[in-house]
$ cat my_file.cif   # mmCIF, C-alpha atoms
data_model
#
loop_
_atom_site.label_atom_id
_atom_site.label_comp_id
_atom_site.auth_asym_id
_atom_site.auth_seq_id
_atom_site.Cartn_x
_atom_site.Cartn_y
_atom_site.Cartn_z
CA MET A 17 -96.91 7.17 -56.02
CA THR A 18 -93.56 5.63 -55.00
CA ASP A 19 -92.85 2.13 -56.29
CA PRO A 20 -92.99 -0.11 -53.19
CA ARG A 21 -89.86 -1.90 -54.41
CA ILE A 22 -87.90 1.36 -53.97
CA LYS A 23 -89.02 1.52 -50.36
CA ASN A 24 -88.13 -2.15 -49.92
CA LEU A 25 -84.63 -1.57 -51.29
CA ALA A 26 -84.08 1.51 -49.11
CA ARG A 27 -85.17 -0.42 -46.02
CA THR A 28 -82.86 -3.32 -46.92
CA LEU A 29 -79.88 -0.98 -47.30
CA VAL A 30 -80.44 0.70 -43.94
CA GLU A 31 -81.59 -2.24 -41.82
CA TYR A 32 -79.50 -5.08 -43.31
CA SER A 33 -76.58 -3.86 -45.42
CA VAL A 34 -75.22 -1.24 -43.00
CA ALA A 35 -77.45 -1.77 -39.93
CA ILE A 36 -77.66 1.89 -38.95
CA LYS A 37 -77.77 2.61 -35.23
CA PRO A 38 -78.95 5.76 -33.42
CA GLY A 39 -76.26 8.43 -33.57
CA ASP A 40 -74.47 7.09 -36.67
CA VAL A 41 -73.16 9.78 -39.04
CA VAL A 42 -74.32 8.56 -42.45
CA MET A 43 -72.91 9.85 -45.73
CA LEU A 44 -75.62 9.44 -48.36
CA SER A 45 -74.06 9.94 -51.79
CA GLY A 46 -75.65 9.94 -55.23
CA GLU A 47 -76.61 11.74 -58.41
CA LEU A 48 -79.72 13.71 -59.30
CA ALA A 49 -81.07 10.88 -61.45
CA GLY A 50 -81.34 8.69 -58.36
CA LEU A 51 -83.38 11.06 -56.21
CA PRO A 52 -86.35 8.69 -55.68
CA LEU A 53 -84.13 6.09 -53.98
CA LEU A 54 -82.02 8.74 -52.24
CA ARG A 55 -85.13 10.26 -50.69
CA GLU A 56 -86.50 6.94 -49.46
CA THR A 57 -83.10 5.96 -48.06
CA TYR A 58 -82.85 9.35 -46.30
CA LYS A 59 -86.19 8.67 -44.64
CA GLU A 60 -85.06 5.24 -43.48
CA VAL A 61 -81.83 6.71 -42.04
CA VAL A 62 -83.85 9.24 -40.05
CA ARG A 63 -86.24 6.54 -38.81
CA ALA A 64 -83.23 4.48 -37.67
CA GLY A 65 -81.88 7.42 -35.65
CA GLY A 66 -78.92 8.23 -37.91
CA HIS A 67 -77.58 11.66 -38.88
CA PRO A 68 -77.70 11.85 -42.70
CA VAL A 69 -75.19 13.99 -44.59
CA VAL A 70 -76.25 14.24 -48.24
CA ASN A 71 -73.60 14.49 -50.95
CA LEU A 72 -75.69 15.12 -54.07
CA ASN A 73 -73.72 15.29 -57.32
CA ASP A 74 -74.70 16.78 -60.65
CA GLU A 75 -73.05 14.99 -63.57
CA ILE A 76 -73.15 18.03 -65.85
CA MET A 77 -71.13 20.08 -63.37
CA GLY A 78 -68.71 17.21 -62.79
CA ASP A 79 -68.30 16.78 -66.54
CA TYR A 80 -67.52 20.49 -66.94
CA LEU A 81 -64.77 20.30 -64.32
CA LEU A 82 -63.14 17.30 -65.97
CA ARG A 83 -63.14 19.00 -69.37
CA ASN A 84 -62.23 22.56 -68.36
CA GLY A 85 -60.61 22.55 -64.94
CA SER A 86 -56.88 23.08 -64.41
CA ASP A 87 -54.72 20.27 -63.03
CA GLN A 88 -54.82 22.05 -59.67
CA GLN A 89 -58.61 22.10 -59.72
CA LEU A 90 -58.80 18.42 -60.69
CA GLU A 91 -56.53 17.50 -57.78
CA TRP A 92 -58.23 19.70 -55.16
CA ILE A 93 -60.09 17.81 -52.43
CA SER A 94 -62.90 19.41 -50.45
CA PRO A 95 -62.53 19.40 -46.65
CA LEU A 96 -65.97 17.79 -46.58
CA GLU A 97 -64.57 14.80 -48.50
CA TYR A 98 -61.84 14.38 -45.89
CA PHE A 99 -64.31 14.72 -43.04
CA LEU A 100 -66.63 12.08 -44.44
CA ALA A 101 -63.78 9.68 -45.28
CA LYS A 102 -62.32 9.94 -41.77
CA ASP A 103 -65.32 10.49 -39.52
CA ALA A 104 -68.53 9.11 -41.04
CA ASN A 105 -69.72 5.84 -39.50
CA VAL A 106 -71.61 4.75 -42.60
CA LEU A 107 -71.42 5.33 -46.35
CA ILE A 108 -74.40 4.60 -48.58
CA ALA A 109 -73.61 5.23 -52.27
CA ILE A 110 -76.43 5.18 -54.82
CA ARG A 111 -75.28 5.20 -58.42
CA SER A 112 -77.47 6.64 -61.14
CA THR A 113 -76.97 8.39 -64.45
CA ASP A 114 -78.93 9.73 -67.38
CA ASN A 115 -75.98 9.29 -69.78
CA THR A 116 -73.59 6.34 -69.51
CA ARG A 117 -71.34 7.76 -72.24
CA ARG A 118 -70.99 11.29 -70.90
CA GLY A 119 -67.25 11.04 -70.32
CA THR A 120 -66.28 9.07 -73.42
CA SER A 121 -64.50 11.96 -75.15
CA ILE A 122 -62.65 13.21 -72.06
CA ASP A 123 -58.88 12.77 -72.13
CA PRO A 124 -58.16 9.57 -70.12
CA LYS A 125 -55.12 11.26 -68.55
CA ARG A 126 -57.34 13.95 -67.02
CA MET A 127 -59.65 11.30 -65.61
CA ALA A 128 -56.67 9.36 -64.27
CA LEU A 129 -55.34 12.55 -62.61
CA ARG A 130 -58.70 13.11 -60.91
CA ALA A 131 -58.82 9.50 -59.73
CA LYS A 132 -55.22 9.53 -58.51
CA SER A 133 -55.88 12.62 -56.40
CA ARG A 134 -58.48 10.57 -54.47
CA ASN A 135 -56.04 7.77 -53.74
CA GLU A 136 -55.53 8.82 -50.12
CA LEU A 137 -59.29 9.08 -49.53
CA ASN A 138 -59.76 5.59 -50.97
CA ARG A 139 -56.94 4.24 -48.80
CA ILE A 140 -58.59 5.68 -45.69
CA ARG A 141 -61.98 4.18 -46.58
CA PHE A 142 -60.52 0.77 -47.47
CA GLU A 143 -58.53 0.59 -44.23
CA ARG A 144 -61.44 1.75 -42.08
CA SER A 145 -63.69 -0.80 -43.77
CA ALA A 146 -61.15 -3.59 -43.15
CA ALA A 147 -60.99 -2.57 -39.48
CA ASN A 148 -64.83 -2.54 -39.25
CA ASP A 149 -64.69 1.16 -38.47
CA LEU A 150 -66.68 2.11 -41.57
CA ARG A 151 -69.82 0.34 -42.72
CA TRP A 152 -70.65 0.93 -46.37
CA THR A 153 -72.90 -0.23 -49.15
CA LEU A 154 -73.30 0.54 -52.82
CA THR A 155 -76.34 0.12 -55.04
CA GLN A 156 -77.88 1.46 -58.23
CA PHE A 157 -81.13 3.18 -59.11
CA PRO A 158 -82.55 2.08 -62.49
CA THR A 159 -82.66 4.81 -65.14
CA GLU A 160 -83.42 4.99 -68.85
CA ALA A 161 -79.69 5.25 -69.57
CA TYR A 162 -78.88 2.03 -67.69
CA ALA A 163 -81.84 0.30 -69.34
CA GLN A 164 -80.62 1.33 -72.78
CA GLU A 165 -77.12 0.08 -71.94
CA ALA A 166 -78.62 -3.28 -71.01
CA ASP A 167 -80.81 -3.44 -74.16
CA MET A 168 -83.99 -3.33 -72.08
CA SER A 169 -86.98 -1.07 -71.63
CA LEU A 170 -87.01 0.87 -68.36
CA ALA A 171 -89.78 -1.37 -66.99
CA GLU A 172 -87.76 -4.49 -67.86
CA PHE A 173 -84.64 -3.06 -66.26
CA GLU A 174 -86.52 -2.07 -63.11
CA ASP A 175 -87.75 -5.66 -62.83
CA PHE A 176 -84.17 -6.87 -63.33
CA VAL A 177 -82.71 -4.56 -60.65
CA TYR A 178 -85.38 -5.18 -58.05
CA GLY A 179 -85.24 -8.92 -58.75
CA ALA A 180 -81.44 -9.01 -58.39
CA THR A 181 -81.64 -7.10 -55.07
CA PHE A 182 -84.61 -9.18 -53.80
CA ALA A 183 -86.54 -5.92 -53.39
CA ASP A 184 -89.47 -7.61 -55.14
CA GLN A 185 -89.66 -10.25 -52.39
CA PRO A 186 -91.80 -10.12 -49.23
CA ASP A 187 -88.68 -10.53 -47.04
CA PRO A 188 -85.51 -9.42 -48.88
CA VAL A 189 -83.34 -9.78 -45.77
CA ALA A 190 -84.21 -13.46 -45.38
CA LYS A 191 -83.21 -14.07 -49.01
CA TRP A 192 -79.84 -12.39 -48.51
CA ARG A 193 -79.16 -14.42 -45.39
CA GLU A 194 -79.92 -17.62 -47.29
CA LEU A 195 -77.50 -16.69 -50.08
CA GLY A 196 -74.82 -15.77 -47.54
CA ALA A 197 -75.12 -19.12 -45.74
CA ASN A 198 -74.66 -21.02 -49.02
CA GLN A 199 -71.55 -19.03 -49.91
CA GLN A 200 -70.01 -19.42 -46.45
CA LYS A 201 -69.37 -23.14 -46.91
CA TYR A 202 -67.01 -22.38 -49.79
CA VAL A 203 -65.30 -19.60 -47.88
CA ASP A 204 -64.76 -22.04 -45.00
CA TRP A 205 -63.38 -24.72 -47.37
CA LEU A 206 -60.90 -22.26 -48.90
CA LYS A 207 -59.48 -21.20 -45.54
CA GLY A 208 -55.83 -22.17 -45.30
CA LYS A 209 -55.53 -23.18 -48.95
CA LYS A 210 -52.48 -22.05 -50.95
CA GLN A 211 -52.44 -22.52 -54.73
CA VAL A 212 -55.12 -21.80 -57.34
CA VAL A 213 -55.06 -22.97 -60.96
CA VAL A 214 -57.63 -21.56 -63.39
CA ARG A 215 -57.88 -23.21 -66.80
CA GLY A 216 -60.26 -22.89 -69.71
CA ALA A 217 -60.67 -21.68 -73.26
CA ASN A 218 -60.08 -18.09 -72.15
CA VAL A 219 -57.74 -18.48 -69.20
CA ASP A 220 -54.62 -20.28 -68.04
CA LEU A 221 -53.50 -18.78 -64.75
CA THR A 222 -51.83 -19.80 -61.53
CA LEU A 223 -51.90 -17.69 -58.39
CA SER A 224 -51.25 -17.99 -54.68
CA ILE A 225 -53.82 -17.38 -51.95
CA GLU A 226 -51.50 -18.45 -49.14
CA GLY A 227 -52.17 -16.35 -46.06
CA ARG A 228 -55.07 -14.60 -47.78
CA THR A 229 -58.75 -14.55 -46.76
CA PHE A 230 -61.82 -15.12 -48.92
CA VAL A 231 -64.71 -12.76 -48.15
CA ASN A 232 -68.36 -13.76 -48.29
CA SER A 233 -70.08 -10.93 -50.18
CA ASP A 234 -73.75 -11.34 -49.28
CA GLY A 235 -75.34 -7.94 -49.78
CA LYS A 236 -73.65 -6.14 -46.91
CA HIS A 237 -71.47 -4.00 -49.19
CA ASN A 238 -72.56 -4.36 -52.80
CA MET A 239 -76.30 -4.52 -53.37
CA PRO A 240 -76.92 -6.75 -55.21
CA SER A 241 -74.13 -9.13 -54.35
CA GLY A 242 -73.37 -12.79 -54.72
CA GLU A 243 -69.64 -13.50 -54.89
CA ILE A 244 -66.69 -14.73 -52.87
CA PHE A 245 -63.42 -12.87 -53.33
CA THR A 246 -59.86 -12.52 -52.13
CA GLY A 247 -56.67 -10.63 -52.93
CA PRO A 248 -54.06 -12.93 -54.51
CA VAL A 249 -50.45 -12.76 -53.36
CA GLU A 250 -49.19 -9.83 -55.41
CA ASN A 251 -46.19 -11.41 -57.12
CA SER A 252 -47.75 -14.86 -57.58
CA VAL A 253 -49.90 -14.47 -60.69
CA ASN A 254 -48.56 -16.12 -63.83
CA GLY A 255 -50.21 -16.91 -67.17
CA TRP A 256 -52.83 -15.21 -69.27
CA VAL A 257 -56.53 -14.39 -69.37
CA ARG A 258 -58.90 -13.19 -72.08
CA PHE A 259 -61.93 -11.40 -70.63
CA THR A 260 -65.09 -12.46 -72.42
CA TYR A 261 -67.21 -9.44 -71.54
CA PRO A 262 -66.44 -5.77 -72.22
CA ALA A 263 -64.51 -4.01 -69.44
CA ILE A 264 -66.20 -0.68 -68.70
CA ARG A 265 -64.65 2.15 -66.70
CA GLU A 266 -65.30 5.90 -66.65
CA SER A 267 -67.78 5.59 -69.56
CA ARG A 268 -65.16 3.80 -71.70
CA VAL A 269 -66.01 0.40 -73.17
CA VAL A 270 -62.87 -1.69 -73.64
CA GLU A 271 -63.52 -4.91 -75.56
CA GLY A 272 -61.46 -8.04 -76.04
CA VAL A 273 -59.04 -7.38 -73.18
CA GLU A 274 -56.23 -9.93 -72.92
CA LEU A 275 -53.59 -9.74 -70.20
CA LYS A 276 -50.39 -11.70 -69.65
CA PHE A 277 -48.82 -11.89 -66.19
CA GLU A 278 -45.34 -12.71 -64.99
CA GLN A 279 -44.56 -12.74 -61.27
CA GLY A 280 -47.79 -10.89 -60.63
CA LYS A 281 -47.24 -8.04 -63.07
CA VAL A 282 -49.08 -7.38 -66.33
CA ILE A 283 -46.30 -7.56 -68.92
CA SER A 284 -48.58 -7.51 -71.97
CA ALA A 285 -52.02 -5.97 -72.48
CA THR A 286 -54.11 -5.83 -75.63
CA ALA A 287 -57.71 -4.94 -76.48
CA LYS A 288 -59.80 -5.00 -79.64
CA LYS A 289 -61.44 -1.68 -78.78
CA ASN A 290 -60.08 1.28 -76.78
CA GLU A 291 -56.68 -0.32 -76.21
CA SER A 292 -55.11 3.10 -75.65
CA TYR A 293 -57.40 3.69 -72.67
CA LEU A 294 -56.47 0.29 -71.20
CA LEU A 295 -52.78 1.08 -71.53
CA ALA A 296 -53.24 4.55 -69.99
CA GLN A 297 -54.94 3.05 -66.94
CA LEU A 298 -52.12 0.54 -66.50
CA GLU A 299 -49.73 3.48 -66.24
CA SER A 300 -51.74 5.12 -63.42
CA ASP A 301 -49.23 3.92 -60.83
CA PRO A 302 -47.12 0.80 -60.10
CA GLY A 303 -50.01 -1.06 -58.43
CA ALA A 304 -52.25 -0.76 -61.50
CA ARG A 305 -50.40 -3.64 -63.19
CA TYR A 306 -51.07 -6.09 -60.33
CA LEU A 307 -54.26 -7.89 -59.30
CA GLY A 308 -56.03 -6.61 -56.21
CA GLU A 309 -58.90 -9.10 -56.43
CA PHE A 310 -59.79 -12.59 -57.61
CA ALA A 311 -63.48 -13.52 -57.31
CA ILE A 312 -66.15 -16.06 -58.23
CA GLY A 313 -69.63 -14.81 -59.14
CA THR A 314 -72.42 -16.82 -57.48
CA ASN A 315 -75.66 -14.96 -58.15
CA PHE A 316 -77.55 -17.14 -60.62
CA GLY A 317 -80.42 -14.67 -60.52
CA ILE A 318 -78.15 -12.51 -62.73
CA GLN A 319 -77.64 -14.26 -66.03
CA ARG A 320 -77.30 -11.50 -68.61
CA PHE A 321 -74.66 -8.86 -69.24
CA THR A 322 -75.96 -5.33 -68.64
CA GLY A 323 -72.85 -3.18 -69.06
CA ASN A 324 -72.90 -2.37 -65.34
CA ILE A 325 -70.20 -3.96 -63.21
CA LEU A 326 -72.28 -3.85 -60.04
CA PHE A 327 -74.47 -6.57 -61.57
CA ASP A 328 -72.20 -8.14 -64.16
CA GLU A 329 -69.40 -9.19 -61.81
CA LYS A 330 -71.94 -11.28 -59.84
CA ILE A 331 -73.15 -13.31 -62.86
CA GLY A 332 -73.37 -16.94 -61.76
CA GLY A 333 -70.84 -19.01 -63.70
CA THR A 334 -68.18 -16.30 -64.07
CA ILE A 335 -65.01 -15.17 -62.39
CA HIS A 336 -63.68 -11.64 -62.26
CA MET A 337 -60.37 -10.06 -61.45
CA ALA A 338 -59.58 -6.47 -60.55
CA LEU A 339 -56.49 -4.60 -61.59
CA GLY A 340 -55.26 -2.22 -58.91
CA ARG A 341 -56.22 -1.65 -55.31
CA GLY A 342 -57.02 -4.69 -53.21
CA TYR A 343 -59.21 -4.98 -50.13
CA PRO A 344 -57.10 -5.04 -46.93
CA GLU A 345 -59.54 -7.43 -45.24
CA THR A 346 -58.46 -10.11 -47.74
CA GLY A 347 -54.81 -9.59 -46.86
CA SER A 348 -54.10 -7.73 -50.10
CA ARG A 349 -51.24 -5.27 -49.94
CA ASN A 350 -51.70 -3.85 -53.43
CA GLU A 351 -52.34 -0.11 -53.58
CA SER A 352 -53.44 1.87 -56.62
CA ALA A 353 -55.69 4.71 -57.71
CA ILE A 354 -57.71 2.23 -59.77
CA HIS A 355 -59.78 -0.85 -59.01
CA TRP A 356 -60.97 -2.17 -62.37
CA ASP A 357 -63.02 -5.36 -62.47
CA MET A 358 -62.95 -7.54 -65.59
CA ILE A 359 -65.13 -10.62 -66.15
CA CYS A 360 -64.43 -14.04 -67.68
CA ASP A 361 -67.13 -16.65 -68.42
CA MET A 362 -66.36 -20.10 -67.00
CA ARG A 363 -69.35 -22.02 -68.37
CA ASP A 364 -67.47 -23.55 -71.30
CA GLY A 365 -65.61 -26.34 -69.53
CA ALA A 366 -63.30 -24.09 -67.51
CA GLU A 367 -62.22 -25.22 -64.06
CA ILE A 368 -60.66 -24.00 -60.83
CA ILE A 369 -58.33 -26.35 -58.96
CA VAL A 370 -57.19 -25.48 -55.44
CA ASP A 371 -54.26 -27.35 -53.90
CA GLY A 372 -54.88 -30.16 -56.37
CA GLU A 373 -58.61 -30.50 -55.64
CA LEU A 374 -61.40 -29.55 -58.05
CA LEU A 375 -63.41 -26.63 -56.64
CA TYR A 376 -65.32 -25.47 -59.69
CA LYS A 377 -66.12 -26.62 -63.23
CA ASN A 378 -68.42 -25.42 -66.03
CA GLY A 379 -69.53 -22.43 -63.99
CA GLN A 380 -70.63 -24.48 -60.96
CA PHE A 381 -69.04 -25.46 -57.68
CA ALA A 382 -68.06 -29.14 -57.71
CA PHE A 383 -69.65 -29.89 -54.31
#

$ encode --input "my_file.cif" --output "structure tokens"
Amino acid sequence: MTDPRIKNLARTLVEYSVAIKPGDVVMLSGELAGLPLLRETYKEVVRAGGHPVVNLNDEIMGDYLLRNGSDQQLEWISPLEYFLAKDANVLIAIRSTDNTRRGTSIDPKRMALRAKSRNELNRIRFERSAANDLRWTLTQFPTEAYAQEADMSLAEFEDFVYGATFADQPDPVAKWRELGANQQKYVDWLKGKKQVVVRGANVDLTLSIEGRTFVNSDGKHNMPSGEIFTGPVENSVNGWVRFTYPAIRESRVVEGVELKFEQGKVISATAKKNESYLLAQLESDPGARYLGEFAIGTNFGIQRFTGNILFDEKIGGTIHMALGRGYPETGSRNESAIHWDMICDMRDGAEIIVDGELLYKNGQFAF
């Protein structure tokens, strides 16, 4: 018998997050481990009148390609990928895995080559999204592997996921609209502002947001959500930051990341664990050393680190920054094959000052 919370989440994705209309071409992407949610979402797409195109991935096959494929094979792009990037009206991506460490021993350079080959596809999707020509959302199906990563039983992790997405509520859509309305007042206040100063035990940064737009992330794209974000002026970031949570990418856990910026560029990068991977990612392309995103997490229903960025970057009382590609809708011009979010806790007396006014202190908005 299907967990009713799975059906609730599928309905929320289709009706609220991407609002599928009759005739929409819908790319439904995910892994085998997430089949229960994929199936329910497929049903909801059909009920809404959409045309679902299923892109079902098997991690074992993908792992084999990364380990054994030639450079030419790693760089090859299927015509179906191009079609979906250019012509699909909607993208629904459902992440799931049965092994969060599957790619740990793969050469980072091979993974970077694979990612770089998709740079053009990512550019197309980002630009279409900014132009409101592509509606997309991303969520996660709870698995034993994710539960283990979060130091929970599967039942505990399911409760966490469905609580964070409001899928355990009678009316999830109403809850997301309430969260979005609360965030909008800060987005409105930030409009037209220019200079941001972030200070605390783990950060001392200045950056410009002049001419940039803050986006209200309220469950339309990421599910769950709960953040406001922008793309800082590329050459404006100066200072340093020490990220208080592990930075996880491509199954690699990088701990104790500290970055120093001058005129927007990372000029020094260190880590206590997997520093070589961090440095390899920074060499992906010129844009990898610049920030594509600056964001404030606002979802106080998420209060514990799980090792999954979809949830962790929304933790109420934190900020996060992404190295690499920015979102065009924010005004960001930074392009890169990577977009790597890293999280810093602000609940230890840290503050954010905007144009001389206190916006945020001790992990809470000041008004």

$ resolve_selection --input "my_file.cif" --expression "the PyMOL selection byres ((chain A and resi 242-246) around 7)" --output "ChimeraX atom specification"
/A:228-234,241,247-248,309-315,330,346

$ residues_around --input "my_file.cif" --residues "Ser33 (chain A)" --least-positions-apart "3" --cutoff "7 Å" --atoms "all atoms listed in the file" --output "list of chain:residue names"
A:Thr28, A:Leu29, A:Val30, A:Thr153, A:Gly235, A:Lys236, A:His237

$ resolve_selection --input "my_file.cif" --expression "the PyMOL selection byres ((chain A and resi 115) around 12)" --output "ChimeraX atom specification"
/A:47-49,74-76,79,112-114,116-120,159-165,266-267

$ atom_distance --input "my_file.cif" --atom1 "CA of Ala304 (chain A)" --atom2 "CA of Ser292 (chain A)"
14.9 Å

$ closest_residue --input "my_file.cif" --among "A:Val213, A:Leu54, A:Val34, A:Leu221" --to "Glu373 (chain A)" --atoms "only C-alpha atoms"
A:Val213

$ resolve_selection --input "my_file.cif" --expression "the PyMOL selection byres ((chain A and resi 260) around 8)" --output "list of chain:residue names"
A:Asn218, A:Arg258, A:Phe259, A:Tyr261, A:Pro262, A:Gly272, A:Val273, A:Ile359, A:Cys360, A:Asp361

$ write_last_selection --input "my_file.cif" --atoms "C-alpha atoms" --output "mmCIF file, in the coordinates of the input"
data_model
loop_
_atom_site.group_PDB
_atom_site.id
_atom_site.type_symbol
_atom_site.label_atom_id
_atom_site.label_comp_id
_atom_site.auth_asym_id
_atom_site.auth_seq_id
_atom_site.Cartn_x
_atom_site.Cartn_y
_atom_site.Cartn_z
ATOM 1 C CA ASN A 218 -60.080 -18.090 -72.150
ATOM 2 C CA ARG A 258 -58.900 -13.190 -72.080
ATOM 3 C CA PHE A 259 -61.930 -11.400 -70.630
ATOM 4 C CA TYR A 261 -67.210 -9.440 -71.540
ATOM 5 C CA PRO A 262 -66.440 -5.770 -72.220
ATOM 6 C CA GLY A 272 -61.460 -8.040 -76.040
ATOM 7 C CA VAL A 273 -59.040 -7.380 -73.180
ATOM 8 C CA ILE A 359 -65.130 -10.620 -66.150
ATOM 9 C CA CYS A 360 -64.430 -14.040 -67.680
ATOM 10 C CA ASP A 361 -67.130 -16.650 -68.420
#

$ residues_near_point --input "my_file.cif" --point "(-82.5, -11.2, -46.3)" --cutoff "12 Å" --atoms "only C-alpha atoms" --output "VMD selection string"
chain A and resid 24 to 25 27 to 29 31 to 33 181 to 197 234 to 236 239 to 241

$ closest_residue --input "my_file.cif" --among "A:Gly179, A:Lys102, A:Gln199, A:Lys377" --to "Glu143 (chain A)" --atoms "all atoms listed in the file"
A:Lys102
